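S.K.: What follows is the file upload32.cif, containing mmCIF, C-alpha atoms; chains and numbers go by the auth columns:
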data_query
#
loop_
_atom_site.group_PDB
_atom_site.id
_atom_site.type_symbol
_atom_site.label_atom_id
_atom_site.label_comp_id
_atom_site.label_asym_id
_atom_site.label_seq_id
_atom_site.Cartn_x
_atom_site.Cartn_y
_atom_site.Cartn_z
_atom_site.B_iso_or_equiv
_atom_site.auth_seq_id
_atom_site.auth_asym_id
ATOM 1 C CA MET A 1 0.000 0.000 0.000 0.00 1 A
ATOM 2 C CA LEU A 2 1.763 3.178 1.139 0.00 2 A
ATOM 3 C CA SER A 3 5.078 1.339 1.458 0.00 3 A
ATOM 4 C CA GLU A 4 5.053 1.081 -2.350 0.00 4 A
ATOM 5 C CA VAL A 5 4.691 4.856 -2.566 0.00 5 A
ATOM 6 C CA GLN A 6 7.655 5.205 -0.219 0.00 6 A
ATOM 7 C CA LYS A 7 9.744 2.833 -2.345 0.00 7 A
ATOM 8 C CA GLU A 8 8.827 4.685 -5.540 0.00 8 A
ATOM 9 C CA VAL A 9 9.773 8.040 -4.015 0.00 9 A
ATOM 10 C CA ASP A 10 13.054 6.611 -2.735 0.00 10 A
ATOM 11 C CA ARG A 11 13.826 5.170 -6.186 0.00 11 A
ATOM 12 C CA TRP A 12 13.145 8.542 -7.811 0.00 12 A
ATOM 13 C CA ILE A 13 15.330 10.346 -5.296 0.00 13 A
ATOM 14 C CA ALA A 14 18.181 7.890 -5.877 0.00 14 A
ATOM 15 C CA GLU A 15 17.965 7.996 -9.681 0.00 15 A
ATOM 16 C CA ILE A 16 16.868 11.561 -10.448 0.00 16 A
ATOM 17 C CA GLY A 17 16.741 13.764 -7.359 0.00 17 A
ATOM 18 C CA LYS A 18 20.131 12.529 -6.105 0.00 18 A
ATOM 19 C CA ARG A 19 19.401 13.462 -2.470 0.00 19 A
ATOM 20 C CA TYR A 20 16.603 14.251 -0.071 0.00 20 A
ATOM 21 C CA PHE A 21 16.113 17.817 1.100 0.00 21 A
ATOM 22 C CA SER A 22 16.577 18.139 4.851 0.00 22 A
ATOM 23 C CA GLU A 23 13.693 17.111 7.074 0.00 23 A
ATOM 24 C CA LEU A 24 13.149 20.752 8.049 0.00 24 A
ATOM 25 C CA THR A 25 13.019 21.834 4.402 0.00 25 A
ATOM 26 C CA ASN A 26 10.587 19.017 3.615 0.00 26 A
ATOM 27 C CA MET A 27 8.402 20.069 6.551 0.00 27 A
ATOM 28 C CA ALA A 28 8.314 23.607 5.141 0.00 28 A
ATOM 29 C CA LEU A 29 7.502 22.212 1.687 0.00 29 A
ATOM 30 C CA LEU A 30 4.684 20.121 3.172 0.00 30 A
ATOM 31 C CA THR A 31 3.227 23.228 4.787 0.00 31 A
ATOM 32 C CA GLU A 32 3.461 25.027 1.448 0.00 32 A
ATOM 33 C CA GLU A 33 1.719 22.203 -0.422 0.00 33 A
ATOM 34 C CA VAL A 34 -1.085 21.976 2.146 0.00 34 A
ATOM 35 C CA GLY A 35 -1.547 25.739 1.785 0.00 35 A
ATOM 36 C CA GLU A 36 -1.799 25.405 -1.988 0.00 36 A
ATOM 37 C CA LEU A 37 -4.510 22.755 -1.621 0.00 37 A
ATOM 38 C CA ALA A 38 -6.292 24.880 0.978 0.00 38 A
ATOM 39 C CA ARG A 39 -6.287 27.864 -1.392 0.00 39 A
ATOM 40 C CA VAL A 40 -7.970 25.843 -4.152 0.00 40 A
ATOM 41 C CA ILE A 41 -10.542 24.296 -1.797 0.00 41 A
ATOM 42 C CA ALA A 42 -11.328 27.686 -0.228 0.00 42 A
ATOM 43 C CA ARG A 43 -12.062 29.124 -3.645 0.00 43 A
ATOM 44 C CA VAL A 44 -14.005 26.140 -4.999 0.00 44 A
ATOM 45 C CA TYR A 45 -16.017 25.162 -1.890 0.00 45 A
ATOM 46 C CA GLY A 46 -15.598 28.119 0.455 0.00 46 A
ATOM 47 C CA ASP A 47 -16.634 31.715 0.570 0.00 47 A
ATOM 48 C CA GLN A 48 -13.578 33.194 -1.135 0.00 48 A
ATOM 49 C CA LYS A 49 -13.861 34.225 -4.735 0.00 49 A
ATOM 50 C CA PRO A 50 -10.859 33.226 -6.854 0.00 50 A
ATOM 51 C CA LYS A 51 -8.384 35.865 -7.941 0.00 51 A
ATOM 52 C CA SER A 52 -7.093 35.860 -11.486 0.00 52 A
ATOM 53 C CA GLY A 53 -4.821 32.845 -11.903 0.00 53 A
ATOM 54 C CA ASP A 54 -5.916 31.118 -8.662 0.00 54 A
ATOM 55 C CA LEU A 55 -7.819 28.344 -10.370 0.00 55 A
ATOM 56 C CA ARG A 56 -7.268 26.382 -13.524 0.00 56 A
ATOM 57 C CA ALA A 57 -10.185 25.337 -15.715 0.00 57 A
ATOM 58 C CA ASP A 58 -10.052 21.797 -14.297 0.00 58 A
ATOM 59 C CA THR A 59 -10.123 22.391 -10.543 0.00 59 A
ATOM 60 C CA LYS A 60 -10.441 18.657 -9.823 0.00 60 A
ATOM 61 C CA ALA A 61 -7.131 18.069 -11.591 0.00 61 A
ATOM 62 C CA GLN A 62 -5.624 21.015 -9.728 0.00 62 A
ATOM 63 C CA MET A 63 -6.711 19.564 -6.368 0.00 63 A
ATOM 64 C CA ALA A 64 -5.431 16.128 -7.381 0.00 64 A
ATOM 65 C CA GLU A 65 -2.039 17.609 -8.243 0.00 65 A
ATOM 66 C CA GLU A 66 -1.784 19.357 -4.874 0.00 66 A
ATOM 67 C CA MET A 67 -2.867 16.196 -3.017 0.00 67 A
ATOM 68 C CA ALA A 68 -0.244 14.172 -4.884 0.00 68 A
ATOM 69 C CA ASP A 69 2.397 16.762 -3.962 0.00 69 A
ATOM 70 C CA ILE A 70 1.393 16.363 -0.307 0.00 70 A
ATOM 71 C CA ILE A 71 1.682 12.572 -0.520 0.00 71 A
ATOM 72 C CA TRP A 72 5.111 12.954 -2.135 0.00 72 A
ATOM 73 C CA VAL A 73 6.499 15.132 0.657 0.00 73 A
ATOM 74 C CA VAL A 74 4.948 12.949 3.379 0.00 74 A
ATOM 75 C CA ALA A 75 6.623 9.920 1.766 0.00 75 A
ATOM 76 C CA CYS A 76 9.945 11.786 1.740 0.00 76 A
ATOM 77 C CA LEU A 77 9.607 12.611 5.429 0.00 77 A
ATOM 78 C CA ALA A 78 8.616 9.036 6.246 0.00 78 A
ATOM 79 C CA ASN A 79 11.624 7.668 4.365 0.00 79 A
ATOM 80 C CA GLN A 80 13.953 10.115 6.080 0.00 80 A
ATOM 81 C CA THR A 81 12.666 9.334 9.567 0.00 81 A
ATOM 82 C CA GLY A 82 12.226 5.572 9.188 0.00 82 A
ATOM 83 C CA VAL A 83 8.431 5.573 9.400 0.00 83 A
ATOM 84 C CA ASP A 84 6.541 2.776 7.633 0.00 84 A
ATOM 85 C CA LEU A 85 3.460 4.613 6.372 0.00 85 A
ATOM 86 C CA SER A 86 1.558 1.395 5.625 0.00 86 A
ATOM 87 C CA GLU A 87 1.964 0.233 9.203 0.00 87 A
ATOM 88 C CA ALA A 88 1.231 3.707 10.588 0.00 88 A
ATOM 89 C CA PHE A 89 -1.945 3.936 8.499 0.00 89 A
ATOM 90 C CA ARG A 90 -3.129 0.479 9.610 0.00 90 A
ATOM 91 C CA ALA A 91 -2.539 1.449 13.255 0.00 91 A
ATOM 92 C CA SER A 92 -4.405 4.731 12.761 0.00 92 A
ATOM 93 C CA LEU A 93 -7.354 2.976 11.146 0.00 93 A
ATOM 94 C CA LEU A 94 -7.493 0.429 13.989 0.00 94 A
ATOM 95 C CA LYS A 95 -7.376 3.232 16.575 0.00 95 A
ATOM 96 C CA LYS A 96 -10.173 5.139 14.846 0.00 96 A
ATOM 97 C CA SER A 97 -12.269 2.003 14.354 0.00 97 A
ATOM 98 C CA THR A 98 -11.980 1.124 18.026 0.00 98 A
ATOM 99 C CA ARG A 99 -12.369 4.618 19.455 0.00 99 A
ATOM 100 C CA ASP A 100 -15.160 5.726 17.125 0.00 100 A
ATOM 101 C CA ARG A 101 -17.041 2.447 16.691 0.00 101 A
ATOM 102 C CA ASN A 102 -20.317 3.906 18.022 0.00 102 A
ATOM 103 C CA ARG A 103 -19.512 7.606 17.751 0.00 103 A
ATOM 104 C CA PHE A 104 -21.389 8.311 14.515 0.00 104 A
ATOM 105 C CA SER A 105 -24.437 6.074 15.075 0.00 105 A
#
Please go through the file and, once you have read it, give me the structure as structure tokens.

M.R.:
Amino acid sequence: MLSEVQKEVDRWIAEIGKRYFSELTNMALLTEEVGELARVIARVYGDQKPKSGDLRADTKAQMAEEMADIIWVVACLANQTGVDLSEAFRASLLKKSTRDRNRFS
């Protein structure tokens, strides 16, 4: 699952990127990417009207691109810090399933 994403990112870094940015730089980049997604969502679903150049014609594709950028940087951070995202996701899902089993009934 997500471990494949991590492997693919690591392969790309080794073959093309040559090195990871520092963890602090990647954290800043993650914040930037989340902000870019937030800007699109605020203009498409929120109360803000888009400024010239904010939105492309295909906003779904624009959101998908920003989401993929977020996944990329999260995979970089996971690789750099030794986190197995597949295992972390499974643990998170189990926690939510247990904690929230009856919460939304």

S.K.: I'd like the interatomic distance between CA of Leu77 in chain A and CA of Ala64 in chain A, to a tenth of an Å.

M.R.: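 If I compute the distance from CA of Leu77 in chain A to CA of Ala64 in chain A, I get 20.1 Å.
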
S.K.: Using CA of Trp12 in chain A and CA of Leu37 in chain A as the two end points, give the distance in Å to one decimal.

M.R.: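 According to the coordinates, CA of Trp12 in chain A and CA of Leu37 in chain A are separated by 23.5 Å.
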
S.K.: Show me as a PDB file with C-alpha atoms, in the coordinates of the input the residues that reach within 12 Å of (-9.3, 30.3, -11.0), counting only C-alpha atoms and using the file's own coordinates.

M.R.:
ATOM      1  CA  ARG A  39      -6.287  27.864  -1.392  1.00  0.00           C
ATOM      2  CA  VAL A  40      -7.970  25.843  -4.152  1.00  0.00           C
ATOM      3  CA  ILE A  41     -10.542  24.296  -1.797  1.00  0.00           C
ATOM      4  CA  ALA A  42     -11.328  27.686  -0.228  1.00  0.00           C
ATOM      5  CA  ARG A  43     -12.062  29.124  -3.645  1.00  0.00           C
ATOM      6  CA  VAL A  44     -14.005  26.140  -4.999  1.00  0.00           C
ATOM      7  CA  GLN A  48     -13.578  33.194  -1.135  1.00  0.00           C
ATOM      8  CA  LYS A  49     -13.861  34.225  -4.735  1.00  0.00           C
ATOM      9  CA  PRO A  50     -10.859  33.226  -6.854  1.00  0.00           C
ATOM     10  CA  LYS A  51      -8.384  35.865  -7.941  1.00  0.00           C
ATOM     11  CA  SER A  52      -7.093  35.860 -11.486  1.00  0.00           C
ATOM     12  CA  GLY A  53      -4.821  32.845 -11.903  1.00  0.00           C
ATOM     13  CA  ASP A  54      -5.916  31.118  -8.662  1.00  0.00           C
ATOM     14  CA  LEU A  55      -7.819  28.344 -10.370  1.00  0.00           C
ATOM     15  CA  ARG A  56      -7.268  26.382 -13.524  1.00  0.00           C
ATOM     16  CA  ALA A  57     -10.185  25.337 -15.715  1.00  0.00           C
ATOM     17  CA  ASP A  58     -10.052  21.797 -14.297  1.00  0.00           C
ATOM     18  CA  THR A  59     -10.123  22.391 -10.543  1.00  0.00           C
ATOM     19  CA  LYS A  60     -10.441  18.657  -9.823  1.00  0.00           C
ATOM     20  CA  GLN A  62      -5.624  21.015  -9.728  1.00  0.00           C
ATOM     21  CA  MET A  63      -6.711  19.564  -6.368  1.00  0.00           C
TER      22      MET A  63
END

S.K.: If the PyMOL selection byres ((chain A and resi 22) around 12) is run on the structure shown, which residues does it catch, given as a ChimeraX atom specification?

M.R.: /A:19-21,23-29,73,76-77,79-81

S.K.: With a distance cut-off of 8 Å and all atoms listed in the file, select the neighbouring residues of Val34 in chain A, excluding the residue or stretch itself and same-chain residues fewer than 5 positions from it, and output the selection as an mmCIF file with C-alpha atoms, keeping the file's coordinate frame.

M.R.:
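Output file selection-v7.cif follows:
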data_model
loop_
_atom_site.group_PDB
_atom_site.id
_atom_site.type_symbol
_atom_site.label_atom_id
_atom_site.label_comp_id
_atom_site.auth_asym_id
_atom_site.auth_seq_id
_atom_site.Cartn_x
_atom_site.Cartn_y
_atom_site.Cartn_z
ATOM 1 C CA GLU A 66 -1.784 19.357 -4.874
ATOM 2 C CA MET A 67 -2.867 16.196 -3.017
ATOM 3 C CA ILE A 70 1.393 16.363 -0.307
#

S.K.: Using the chain letters and numbers from this file, what does the PyMOL selection byres ((chain A and resi 6) around 9) select? Give the answer as a ChimeraX atom specification.

M.R.: /A:2-5,7-11,72,74-76,78-79,84-85

S.K.: Could you work out how far CA of Ala68 in chain A lies from CA of Gly46 in chain A, giving the answer in Å with one decimal?

M.R.: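 Separating CA of Gly46 in chain A from CA of Ala68 in chain A is a distance of 21.4 Å.
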
S.K.: Select from range 10-88 of chain A every residue with an atom at most 10 Å from any atom of range 92-96 of chain A, then for each give the shortest pair of atoms and their distance in Å to one decimal, using all atoms listed in the file, rows by chain and rising number, as a Markdown table.

M.R.:
| residue | atom | partner | partner_atom | distance |
| --- | --- | --- | --- | --- |
| A:Ser86 | CA | A:Ser92 | CA | 9.9 |
| A:Glu87 | CA | A:Ser92 | CA | 8.6 |
| A:Ala88 | CA | A:Ser92 | CA | 6.1 |
